[in-house]
$ cat my_file-v1.cif   # mmCIF, C-alpha atoms
data_data
#
loop_
_atom_site.label_atom_id
_atom_site.label_comp_id
_atom_site.auth_asym_id
_atom_site.auth_seq_id
_atom_site.Cartn_x
_atom_site.Cartn_y
_atom_site.Cartn_z
CA MET I 1 -7.18 -27.62 52.55
CA ARG I 2 -5.56 -24.78 50.57
CA SER I 3 -2.27 -26.66 50.54
CA VAL I 4 -3.98 -29.73 49.07
CA ILE I 5 -5.50 -27.60 46.29
CA ALA I 6 -2.15 -25.90 45.63
CA PHE I 7 -0.44 -29.29 45.44
CA ILE I 8 -2.98 -30.65 42.92
CA LEU I 9 -2.71 -27.51 40.76
CA ALA I 10 1.05 -27.65 40.86
CA ILE I 11 1.08 -31.30 39.76
CA THR I 12 -1.39 -30.50 36.95
CA LEU I 13 0.71 -27.62 35.63
CA ILE I 14 4.14 -29.14 36.06
CA THR I 15 3.46 -32.64 34.66
CA PRO I 16 3.09 -31.52 31.01
CA LEU I 17 6.25 -29.44 31.30
CA PHE I 18 8.32 -32.47 32.25
CA CYS I 19 6.64 -34.71 29.68
CA GLY I 20 6.85 -32.22 26.82
CA CYS I 21 10.53 -31.30 27.12
CA GLN I 22 13.49 -33.23 25.81
CA LYS I 23 16.29 -33.82 28.24
CA GLN I 24 18.85 -31.07 27.74
CA ASP I 25 22.52 -30.99 28.49
CA GLY I 26 23.94 -28.54 31.04
CA THR I 27 23.21 -24.88 30.54
CA ALA I 28 25.71 -22.56 28.96
CA ASP I 29 26.70 -21.20 32.36
CA ASP I 30 27.40 -24.73 33.60
CA ASP I 31 29.61 -25.29 30.56
CA VAL I 32 31.64 -22.15 31.14
CA ASN I 33 32.36 -23.33 34.67
CA ALA I 34 33.45 -26.76 33.47
CA ILE I 35 36.41 -25.96 31.23
CA PRO I 36 38.16 -29.29 30.55
CA LEU I 37 41.48 -30.08 32.10
CA LEU I 38 44.13 -28.76 29.75
CA ALA I 39 47.06 -30.88 28.77
CA ASN I 40 50.64 -29.70 28.68
CA HIS I 41 53.51 -32.02 28.17
CA ILE I 42 57.19 -31.89 27.45
CA GLN I 43 58.98 -34.38 25.26
CA GLN I 44 62.65 -34.81 24.49
CA CYS I 45 63.59 -35.17 20.84
CA SER I 46 66.28 -34.52 18.31
CA ARG I 47 64.98 -33.37 14.97
CA LEU I 48 66.86 -31.43 12.38
CA TYR I 49 64.40 -29.37 10.34
CA THR I 50 65.90 -28.67 6.96
CA THR I 51 63.06 -27.38 4.77
CA GLU I 52 60.06 -25.22 5.45
CA TYR I 53 57.02 -24.94 3.19
CA ARG I 54 54.36 -22.31 3.65
CA ILE I 55 51.13 -23.46 2.05
CA HIS I 56 48.19 -21.24 1.23
CA LYS I 57 44.64 -22.41 0.78
CA VAL I 58 41.23 -20.81 0.54
CA VAL I 59 38.42 -22.85 2.09
CA MET I 60 35.17 -22.26 0.18
CA VAL I 61 32.02 -23.36 1.97
CA GLN I 62 28.48 -23.27 0.66
CA ALA I 63 25.91 -24.00 3.40
CA ASP I 64 22.63 -23.02 1.73
CA LYS I 65 19.36 -23.51 3.62
CA GLN I 66 16.45 -25.36 2.05
CA LEU I 67 12.87 -26.09 3.08
CA GLU I 68 12.35 -29.81 2.60
CA THR I 69 8.73 -30.92 2.34
CA SER I 70 6.41 -33.28 0.53
CA PHE I 71 2.95 -32.98 -1.02
CA LEU I 72 0.83 -35.96 -2.09
CA GLY I 73 3.80 -38.22 -1.56
CA VAL I 74 6.14 -36.15 -3.78
CA GLY I 75 9.09 -34.61 -1.97
CA PHE I 76 10.60 -31.30 -3.05
CA ASN I 77 13.02 -28.65 -1.77
CA LEU I 78 12.51 -24.93 -1.73
CA PRO I 79 15.57 -22.69 -1.45
CA LEU I 80 15.40 -20.61 1.71
CA GLY I 81 18.59 -18.61 1.63
CA GLU I 82 22.33 -18.59 0.99
CA ARG I 83 25.21 -18.92 3.42
CA ARG I 84 28.67 -18.78 1.86
CA LEU I 85 32.04 -18.59 3.58
CA LEU I 86 35.59 -17.99 2.33
CA ILE I 87 38.48 -18.66 4.71
CA PRO I 88 42.02 -17.98 3.50
CA MET I 89 44.46 -19.94 5.62
CA GLU I 90 48.12 -20.80 5.77
CA ALA I 91 49.81 -23.96 7.00
CA THR I 92 53.50 -24.59 7.63
CA LEU I 93 55.01 -27.95 6.76
CA LYS I 94 58.57 -28.79 7.70
CA GLY I 95 60.78 -31.56 6.35
CA TYR I 96 63.10 -33.01 8.98
CA ILE I 97 65.49 -35.77 9.92
CA ASP I 98 64.77 -37.48 13.22
CA PHE I 99 68.04 -38.08 15.06
CA SER I 100 66.39 -39.73 18.09
CA ASN I 101 67.82 -43.15 17.23
CA PHE I 102 70.97 -41.87 15.58
CA SER I 103 74.15 -43.37 17.06
CA GLU I 104 77.89 -43.60 16.49
CA ASP I 105 77.20 -46.72 14.39
CA ASP I 106 75.72 -44.45 11.72
CA ILE I 107 79.06 -42.66 11.32
CA GLU I 108 81.94 -44.40 9.54
CA THR I 109 85.33 -42.74 9.50
CA ASP I 110 88.88 -43.81 8.75
CA GLY I 111 90.44 -40.52 9.84
CA GLU I 112 90.27 -38.81 6.45
CA LYS I 113 86.97 -39.93 4.97
CA VAL I 114 83.63 -39.82 6.76
CA THR I 115 80.30 -41.37 5.76
CA ILE I 116 77.13 -40.51 7.63
CA THR I 117 73.94 -42.51 7.09
CA LEU I 118 70.99 -40.33 8.03
CA PRO I 119 67.59 -41.53 9.22
CA ASP I 120 64.64 -41.27 6.81
CA PRO I 121 63.24 -37.80 6.21
CA GLU I 122 59.77 -37.03 7.56
CA VAL I 123 57.32 -34.17 7.24
CA MET I 124 55.34 -32.45 9.94
CA LEU I 125 52.55 -29.90 9.89
CA THR I 126 53.89 -27.48 12.49
CA SER I 127 51.28 -24.72 12.44
CA SER I 128 48.18 -23.35 10.79
CA ARG I 129 46.87 -19.80 10.78
CA ILE I 130 43.48 -18.48 9.74
CA ASP I 131 43.52 -15.13 7.94
CA HIS I 132 40.70 -13.55 9.96
CA ASP I 133 40.98 -10.21 8.15
CA GLY I 134 40.61 -11.97 4.82
CA THR I 135 37.68 -14.17 5.91
CA LYS I 136 34.48 -13.21 4.08
CA GLN I 137 30.94 -14.40 4.50
CA TYR I 138 27.92 -13.84 2.28
CA VAL I 139 24.71 -14.64 4.14
CA SER I 140 21.07 -13.84 3.32
CA TRP I 141 19.93 -11.08 5.67
CA TYR I 142 17.37 -13.24 7.46
CA LEU I 143 19.84 -16.07 8.22
CA SER I 144 22.48 -16.14 10.93
CA ASN I 145 26.15 -15.46 10.19
CA PHE I 146 28.79 -18.16 10.55
CA ASP I 147 29.89 -18.01 14.17
CA THR I 148 33.44 -18.55 15.43
CA SER I 149 32.83 -22.21 16.11
CA GLU I 150 31.53 -22.90 12.59
CA GLN I 151 34.39 -20.96 10.99
CA THR I 152 37.01 -22.96 12.87
CA ALA I 153 35.29 -26.25 12.04
CA HIS I 154 35.47 -25.38 8.32
CA ALA I 155 39.11 -24.29 8.68
CA ALA I 156 39.86 -27.71 10.23
CA LYS I 157 38.46 -29.29 7.07
CA GLY I 158 40.84 -27.11 5.03
CA ARG I 159 43.75 -28.21 7.20
CA GLN I 160 42.87 -31.87 6.62
CA ASP I 161 42.60 -31.16 2.89
CA ILE I 162 46.16 -29.80 2.86
CA ILE I 163 47.44 -32.95 4.61
CA ASN I 164 45.54 -35.25 2.24
CA LYS I 165 46.78 -33.47 -0.87
CA VAL I 166 50.41 -33.68 0.24
CA LYS I 167 49.93 -37.34 1.24
CA ASN I 168 48.42 -38.31 -2.09
CA ASP I 169 50.56 -36.23 -4.43
CA SER I 170 53.59 -38.32 -5.44
CA ARG I 171 55.29 -35.38 -7.15
CA GLN I 172 54.96 -33.26 -4.02
CA LYS I 173 56.28 -36.04 -1.78
CA ARG I 174 59.26 -36.70 -4.06
CA HIS I 175 60.08 -32.99 -3.97
CA ILE I 176 59.83 -32.83 -0.16
CA VAL I 177 62.05 -35.90 0.30
CA GLU I 178 64.66 -34.69 -2.16
CA SER I 179 64.83 -31.22 -0.68
CA ALA I 180 64.96 -32.59 2.89
CA ARG I 181 67.89 -34.81 1.88
CA GLN I 182 69.66 -32.14 -0.11
CA ASN I 183 69.27 -29.51 2.58
CA ALA I 184 70.42 -31.91 5.29
CA ALA I 185 73.58 -32.54 3.27
CA ASN I 186 74.03 -28.81 2.55
CA LEU I 187 73.76 -28.11 6.26
CA LEU I 188 75.91 -30.94 7.62
CA ILE I 189 78.76 -31.00 5.08
CA PRO I 190 80.05 -27.46 5.81
CA PHE I 191 79.53 -28.13 9.53
CA ILE I 192 81.64 -31.31 9.43
CA SER I 193 84.23 -29.80 7.09
CA ARG I 194 84.85 -27.15 9.74
CA MET I 195 85.91 -30.02 11.99
CA GLY I 196 88.90 -30.69 9.81
CA PHE I 197 87.47 -32.99 7.10
CA ASP I 198 87.87 -32.18 3.42
CA GLU I 199 84.43 -31.54 1.87
CA GLN I 200 85.21 -34.05 -0.90
CA ASN I 201 85.74 -36.75 1.73
CA ILE I 202 82.36 -36.26 3.39
CA THR I 203 79.49 -38.47 2.23
CA ILE I 204 75.94 -38.06 3.48
CA THR I 205 73.65 -40.97 2.61
CA PHE I 206 70.18 -42.24 3.43
CA ARG I 207 69.22 -45.87 3.72
CA LYS I 208 68.93 -47.31 0.22
CA ASP I 209 65.52 -48.95 0.50
CA PHE I 210 63.75 -45.71 1.44
CA SER I 211 61.27 -44.54 -1.16
CA PHE I 212 59.50 -41.19 -1.19
CA GLU I 213 56.26 -43.19 -1.13
CA ASN I 214 57.13 -44.15 2.45
CA LEU I 215 57.22 -40.51 3.52
CA ARG I 216 55.28 -40.03 6.75
CA ILE I 217 53.42 -36.83 7.44
CA LYS I 218 53.04 -36.16 11.14
CA THR I 219 50.25 -33.89 12.25
CA ASP I 220 50.56 -33.82 16.04
CA MET M 1 -19.67 -21.79 52.74
CA THR M 2 -21.09 -25.11 53.80
CA LYS M 3 -19.07 -28.31 54.01
CA GLU M 4 -20.93 -29.75 51.00
CA GLN M 5 -20.03 -26.68 48.89
CA LYS M 6 -16.34 -26.98 49.87
CA ASN M 7 -16.29 -30.67 48.97
CA LEU M 8 -17.93 -29.85 45.64
CA ILE M 9 -15.24 -27.28 44.76
CA ILE M 10 -12.40 -29.64 45.76
CA GLY M 11 -14.01 -32.49 43.86
CA THR M 12 -14.33 -30.28 40.76
CA LEU M 13 -10.67 -29.17 40.93
CA VAL M 14 -9.43 -32.75 41.37
CA ALA M 15 -11.59 -33.87 38.44
CA LEU M 16 -10.22 -31.00 36.31
CA ALA M 17 -6.64 -31.91 37.22
CA VAL M 18 -7.11 -35.56 36.37
CA PHE M 19 -8.99 -34.70 33.17
CA GLY M 20 -6.27 -32.17 32.17
CA SER M 21 -3.47 -34.70 32.58
CA VAL M 22 -5.38 -37.44 30.72
CA ALA M 23 -6.28 -35.01 27.90
CA PHE M 24 -2.66 -33.95 27.56
CA PHE M 25 -1.41 -37.52 27.15
CA VAL M 26 -4.22 -38.38 24.70
CA VAL M 27 -3.47 -35.31 22.51
CA LYS M 28 0.24 -36.06 22.65
CA ALA M 29 -0.32 -39.66 21.56
CA ILE M 30 -2.57 -38.53 18.66
CA VAL M 31 -0.04 -35.94 17.46
CA HIS M 32 2.69 -38.58 17.62
CA LYS M 33 0.57 -41.07 15.64
CA VAL M 34 -0.50 -38.56 12.98
CA GLY M 35 3.09 -37.33 12.68
CA ASP M 36 4.12 -40.71 11.26
CA VAL M 37 1.84 -40.43 8.25
CA ALA M 38 1.54 -36.67 7.75
CA PRO M 39 3.88 -34.90 5.31
CA LYS M 40 7.12 -33.81 7.01
CA VAL M 41 8.41 -30.28 6.72
CA GLY M 42 11.94 -29.42 7.72
CA ILE M 43 14.77 -27.01 7.08
CA THR M 44 17.95 -28.64 5.85
CA THR M 45 21.42 -27.34 5.10
CA THR M 46 23.27 -28.48 2.01
CA LEU M 47 26.95 -28.28 2.84
CA THR M 48 29.37 -28.12 -0.08
CA TYR M 49 33.14 -27.71 0.04
CA GLU M 50 34.56 -26.33 -3.18
CA GLN M 51 37.76 -28.15 -4.15
CA THR M 52 40.40 -25.43 -4.15
CA PRO M 53 44.08 -25.91 -4.91
CA ILE M 54 46.84 -25.72 -2.31
CA ILE M 55 49.54 -23.29 -3.30
CA ILE M 56 53.11 -23.48 -2.05
CA LYS M 57 53.66 -19.85 -1.15
CA SER M 58 57.31 -20.23 -0.22
CA MET M 59 60.00 -22.82 0.38
CA ARG M 60 63.15 -22.06 2.29
CA HIS M 61 66.13 -23.95 3.62
CA ILE M 62 66.40 -24.00 7.36
CA GLY M 63 68.75 -25.53 9.91
CA GLU M 64 66.69 -25.78 13.07
CA TRP M 65 67.79 -28.50 15.44
CA GLU M 66 65.02 -29.24 17.90
CA PHE M 67 65.70 -30.90 21.24
CA MET M 68 62.55 -30.23 23.21
CA THR M 69 58.91 -30.23 22.15
CA ILE M 70 56.36 -28.60 24.43
CA THR M 71 52.72 -29.27 23.67
CA ASP M 72 50.46 -26.68 25.23
CA GLU M 73 46.74 -25.92 25.42
CA GLU M 74 45.56 -22.54 26.67
CA VAL M 75 42.14 -21.03 27.30
CA VAL M 76 41.57 -17.45 26.21
CA GLU M 77 38.30 -15.66 26.86
CA ARG M 78 36.61 -12.38 26.12
CA THR M 79 33.53 -10.86 27.76
CA ARG M 80 31.54 -7.93 26.38
CA LYS M 81 29.16 -6.10 28.73
CA ASN M 82 25.67 -5.42 27.45
CA LEU M 83 23.37 -2.84 28.98
CA ILE M 84 20.13 -4.80 28.92
CA LEU M 85 20.79 -8.34 27.72
CA SER M 86 23.21 -10.78 29.33
CA ASP M 87 26.92 -10.33 28.59
CA ASP M 88 28.46 -11.78 25.42
CA LYS M 89 31.20 -14.30 26.01
CA LEU M 90 33.71 -16.13 23.85
CA VAL M 91 35.88 -18.89 25.31
CA ARG M 92 38.38 -20.62 23.04
CA ILE M 93 41.02 -23.30 23.56
CA TYR M 94 44.19 -22.90 21.51
CA TYR M 95 46.61 -25.73 20.75
CA GLY M 96 50.30 -25.11 20.21
CA THR M 97 53.50 -27.11 19.85
CA LEU M 98 56.57 -25.11 20.82
CA ARG M 99 59.95 -26.28 19.66
CA LEU M 100 63.12 -25.40 21.55
CA GLY M 101 66.55 -25.91 20.08
CA ILE M 102 69.38 -24.22 18.24
CA ASP M 103 69.48 -22.57 14.84
CA LEU M 104 72.54 -24.00 13.10
CA GLU M 105 72.43 -21.19 10.55
CA LYS M 106 73.49 -18.86 13.38
CA LEU M 107 76.70 -20.85 13.98
CA LYS M 108 79.56 -18.36 13.72
CA ASP M 109 82.65 -18.92 11.57
CA THR M 110 84.82 -18.76 14.68
CA ALA M 111 82.61 -21.17 16.64
CA ILE M 112 84.80 -24.27 16.16
CA SER M 113 88.43 -24.68 17.12
CA ILE M 114 90.38 -27.94 16.73
CA GLU M 115 93.71 -29.13 18.09
CA GLY M 116 94.58 -32.76 17.44
CA ASP M 117 91.79 -34.90 18.86
CA SER M 118 90.40 -31.97 20.88
CA ILE M 119 87.54 -29.81 19.73
CA SER M 120 85.85 -26.79 21.24
CA ILE M 121 82.54 -25.60 19.90
CA LEU M 122 80.44 -22.53 20.71
CA LEU M 123 76.81 -23.26 19.82
CA PRO M 124 74.15 -20.59 19.15
CA PRO M 125 71.81 -19.91 22.08
CA VAL M 126 68.84 -22.14 22.81
CA GLN M 127 65.75 -20.46 21.41
CA LEU M 128 62.16 -20.92 20.34
CA LEU M 129 62.70 -22.18 16.80
CA ASP M 130 59.50 -20.86 15.25
CA GLU M 131 57.07 -18.18 16.41
CA ALA M 132 54.29 -19.80 14.37
CA PHE M 133 53.52 -22.75 16.65
CA ILE M 134 49.75 -22.54 17.10
CA ASP M 135 47.61 -24.88 15.04
CA GLU M 136 44.74 -22.43 14.78
CA ALA M 137 42.56 -24.65 12.59
CA LEU M 138 42.34 -27.03 15.56
CA THR M 139 41.18 -24.33 17.98
CA LYS M 140 38.01 -25.27 19.85
CA THR M 141 35.28 -22.82 20.74
CA PHE M 142 34.19 -23.86 24.20
CA TYR M 143 31.46 -21.25 24.62
CA GLU M 144 30.19 -18.49 22.38
CA SER M 145 27.41 -15.95 22.71
CA GLY M 146 27.08 -12.82 20.60
CA GLU M 147 28.97 -11.94 17.44
CA TRP M 148 32.74 -11.43 17.49
CA ASP M 149 34.82 -9.58 14.92
CA ASN M 150 38.13 -10.42 13.25
CA LYS M 151 40.03 -8.03 15.49
CA THR M 152 38.97 -10.01 18.57
CA HIS M 153 40.06 -13.29 16.96
CA ASN M 154 43.48 -11.81 16.13
CA GLU M 155 43.86 -10.43 19.67
CA MET M 156 42.92 -13.77 21.24
CA TYR M 157 45.44 -15.58 19.01
CA ALA M 158 48.18 -13.13 20.09
CA GLU M 159 47.25 -13.60 23.76
CA ALA M 160 47.37 -17.41 23.46
CA GLN M 161 50.75 -17.13 21.72
CA SER M 162 52.13 -14.92 24.47
CA ILE M 163 50.88 -17.22 27.30
CA MET M 164 52.42 -20.26 25.61
CA ILE M 165 55.79 -18.57 25.12
CA ARG M 166 55.85 -17.56 28.82
CA TYR M 167 55.04 -21.15 29.79
CA ALA M 168 57.60 -22.81 27.51
CA MET M 169 60.57 -20.45 27.68
CA ASN M 170 61.26 -20.74 31.39
CA ASP M 171 64.80 -21.19 32.72
CA GLU M 172 64.30 -24.86 33.52
CA ASN M 173 63.20 -25.78 29.99
CA GLN M 174 66.01 -23.76 28.44
CA GLU M 175 68.60 -25.45 30.67
CA GLN M 176 67.24 -28.90 29.88
CA THR M 177 67.32 -28.11 26.15
CA ARG M 178 70.96 -27.04 26.46
CA GLN M 179 71.80 -30.37 28.16
CA LEU M 180 70.03 -32.35 25.44
CA ALA M 181 71.79 -30.37 22.71
CA GLU M 182 75.13 -30.99 24.41
CA THR M 183 74.50 -34.76 24.65
CA GLN M 184 73.50 -34.97 20.98
CA MET M 185 76.42 -32.87 19.79
CA ARG M 186 78.90 -34.83 21.92
CA GLN M 187 77.67 -38.08 20.36
CA LEU M 188 78.16 -36.68 16.85
CA LEU M 189 81.66 -35.38 17.64
CA GLN M 190 82.70 -38.65 19.29
CA GLY M 191 81.53 -40.46 16.17
CA LEU M 192 83.80 -38.18 14.14
CA GLY M 193 86.80 -39.29 16.23
CA PHE M 194 87.22 -36.47 18.75
CA ARG M 195 88.18 -37.52 22.26
CA HIS M 196 88.32 -34.21 24.17
CA ILE M 197 85.18 -32.23 23.56
CA THR M 198 84.20 -28.84 24.99
CA ILE M 199 80.72 -27.52 24.22
CA ARG M 200 79.55 -24.06 25.21
CA PHE M 201 76.56 -21.92 24.30
CA GLU M 202 76.38 -18.29 23.28
CA SER M 203 74.42 -16.13 25.69
CA ARG M 204 71.21 -14.66 24.35
#
$ encode --input "my_file-v1.cif" --output "structure tokens"
Amino acid sequence: MRSVIAFILAITLITPLFCGCQKQDGTADDDVNAIPLLANHIQQCSRLYTTEYRIHKVVMVQADKQLETSFLGVGFNLPLGERRLLIPMEATLKGYIDFSNFSEDDIETDGEKVTITLPDPEVMLTSSRIDHDGTKQYVSWYLSNFDTSEQTAHAAKGRQDIINKVKNDSRQKRHIVESARQNAANLLIPFISRMGFDEQNITITFRKDFSFENLRIKTD
Amino acid sequence: MTKEQKNLIIGTLVALAVFGSVAFFVVKAIVHKVGDVAPKVGITTTLTYEQTPIIIKSMRHIGEWEFMTITDEEVVERTRKNLILSDDKLVRIYYGTLRLGIDLEKLKDTAISIEGDSISILLPPVQLLDEAFIDEALTKTFYESGEWDNKTHNEMYAEAQSIMIRYAMNDENQEQTRQLAETQMRQLLQGLGFRHITIRFESR
């Protein structure tokens, strides 16, 4: 009889718990034990990096809290507190020539004179670094600080901003293309001249229909 | 206690249980219904990104010839013991792209010798072309509890960097990079008209 009573009481107490709770994802401990499979891969390539740009940016985030409510059908917001974040960061962009499809057909020589037609220059974002020591946050005392996860998410926005600005700035792209070309020539001409060619007889060209507007920015 | 008294107690408990469950669902339904018309109160966050300029801090000419790209992801974690509460933990996944190749700016003046259609070239050693290979803005925080300072973030970055270098700079990868560099260089030299080509690498 006692077991029947215990069963009924248990059902009475437990039912509201199940009905009142939203379904939750795995607990934090479960998550720690389920680190995703990490990817490592190796790829062959042949890229000649000729120019390196170090770009600095400060990400400024304002994530103020507000109490949103309505009274008699009129909605209004009340400021609750301030959360501000400054993240100085640096990104490295490199201009390069991809020699993956380069072949002997791209070299013309008659013994004395040599003409090399180089593939189109490209740009790649090769690294980004958050200046943790320089990161500042200004948060009302009763609100929580920006945690590591939030800080990195905002830094990712800054990284994307750098890519977008370079992509959309014609002057910047023209400069990158010109310097990638010039530096490739500056690097290859002395190298080839040491192989017995007179510097005046060495010509480095790029395909004629390439415009700086076609510059691709890789972000892998 | 008589049998009638026992039955009365059981009957009362069952009635209470049934009544409790029914009352719960009724109250829940009322709250849900009223919630649709009652004024809503909530805390919102207004997120604003200030448009800041990007500044080119430096530009330099380089001559890094890359032959192998190694994409790596590494997990780095920190645990801090607490006396009373549960331990604090930070688990982060770092993403890096390591580039192996040769630095043409290190080519020595005496590296090339030519005799007729024969050429011998001594290339600089295969190396990691850039120590800054982690894309830290893409780092994912897999788990975080407690507050962590800048020093910890810098230490975790350095640890991820060191693990990735150990993974990428093994003998096998270095040897494969040398072979790729040799193939590429041979193609260039053949295009320039050389028939007998000797390519060697400086030791590190």
$ interface_residues --input "my_file-v1.cif" --of "chain I" --to "chain M" --cutoff "7 Å" --atoms "all atoms listed in the file" --output "JSON, numbers by chain"
{"I": [8, 9, 12, 32, 38, 39, 40, 41, 42, 43, 44, 45, 46, 47, 48, 49, 50, 51, 52, 53, 54, 55, 56, 57, 58, 60, 61, 62, 63, 64, 65, 66, 67, 68, 69, 70, 71, 104, 107, 109, 126, 127, 128, 129, 130, 132, 133, 147, 149, 152, 155, 156, 159, 162, 183, 187, 195]}
$ atom_distance --input "my_file-v1.cif" --atom1 "CA of Lys136 in chain I" --atom2 "CA of Gly81 in chain I"
17.0 Å
$ atom_distance --input "my_file-v1.cif" --atom1 "CA of Glu150 in chain I" --atom2 "CA of Glu77 in chain M"
17.4 Å
$ atom_distance --input "my_file-v1.cif" --atom1 "CA of Arg200 in chain M" --atom2 "CA of Asn186 in chain I"
23.8 Å
$ closest_residue --input "my_file-v1.cif" --among "I:Ile217, I:Leu80, I:Leu143, I:Val114" --to "Lys94 in chain I" --atoms "only C-alpha atoms"
I:Ile217
$ residues_around --input "my_file-v1.cif" --residues "Gln200 in chain I" --least-positions-apart "6" --cutoff "12 Å" --atoms "all atoms listed in the file" --output "list in words"
Glu112, Lys113, Val114, Thr115, Ile189, Pro190, Ile192 and Ser193 of chain I
$ closest_residue --input "my_file-v1.cif" --among "I:Ile202, I:Ala180, I:Val166, I:Val139" --to "Leu125 in chain I" --atoms "all atoms listed in the file"
I:Val166
$ build_atoms --input "my_file-v1.cif" --residues "range 109-120 of chain M" --atoms "N, CA and C atoms" --output "compact mmCIF listing (two decimals), in the coordinates of the input"
# COMPACT_ATOMS: atom_id res chain seq x y z
N ASP M 109 81.47 -18.35 12.22
CA ASP M 109 82.65 -18.92 11.57
C ASP M 109 83.72 -19.29 12.58
N THR M 110 83.77 -18.53 13.68
CA THR M 110 84.82 -18.76 14.68
C THR M 110 84.35 -19.71 15.79
N ALA M 111 83.23 -20.38 15.56
CA ALA M 111 82.61 -21.17 16.64
C ALA M 111 83.36 -22.46 16.94
N ILE M 112 84.15 -22.96 15.96
CA ILE M 112 84.80 -24.27 16.16
C ILE M 112 86.31 -24.11 16.15
N SER M 113 86.97 -24.66 17.16
CA SER M 113 88.43 -24.68 17.12
C SER M 113 88.91 -26.10 17.43
N ILE M 114 89.91 -26.54 16.64
CA ILE M 114 90.38 -27.94 16.73
C ILE M 114 91.88 -27.97 17.00
N GLU M 115 92.28 -28.90 17.85
CA GLU M 115 93.71 -29.13 18.09
C GLU M 115 93.89 -30.62 18.33
N GLY M 116 94.42 -31.31 17.33
CA GLY M 116 94.58 -32.76 17.44
C GLY M 116 93.23 -33.44 17.59
N ASP M 117 93.08 -34.24 18.67
CA ASP M 117 91.79 -34.90 18.86
C ASP M 117 90.90 -34.12 19.85
N SER M 118 91.23 -32.82 20.00
CA SER M 118 90.40 -31.97 20.88
C SER M 118 89.60 -31.00 20.04
N ILE M 119 88.38 -30.77 20.45
CA ILE M 119 87.54 -29.81 19.73
C ILE M 119 86.76 -28.96 20.75
N SER M 120 86.64 -27.69 20.41
CA SER M 120 85.85 -26.79 21.24
C SER M 120 84.81 -26.14 20.34
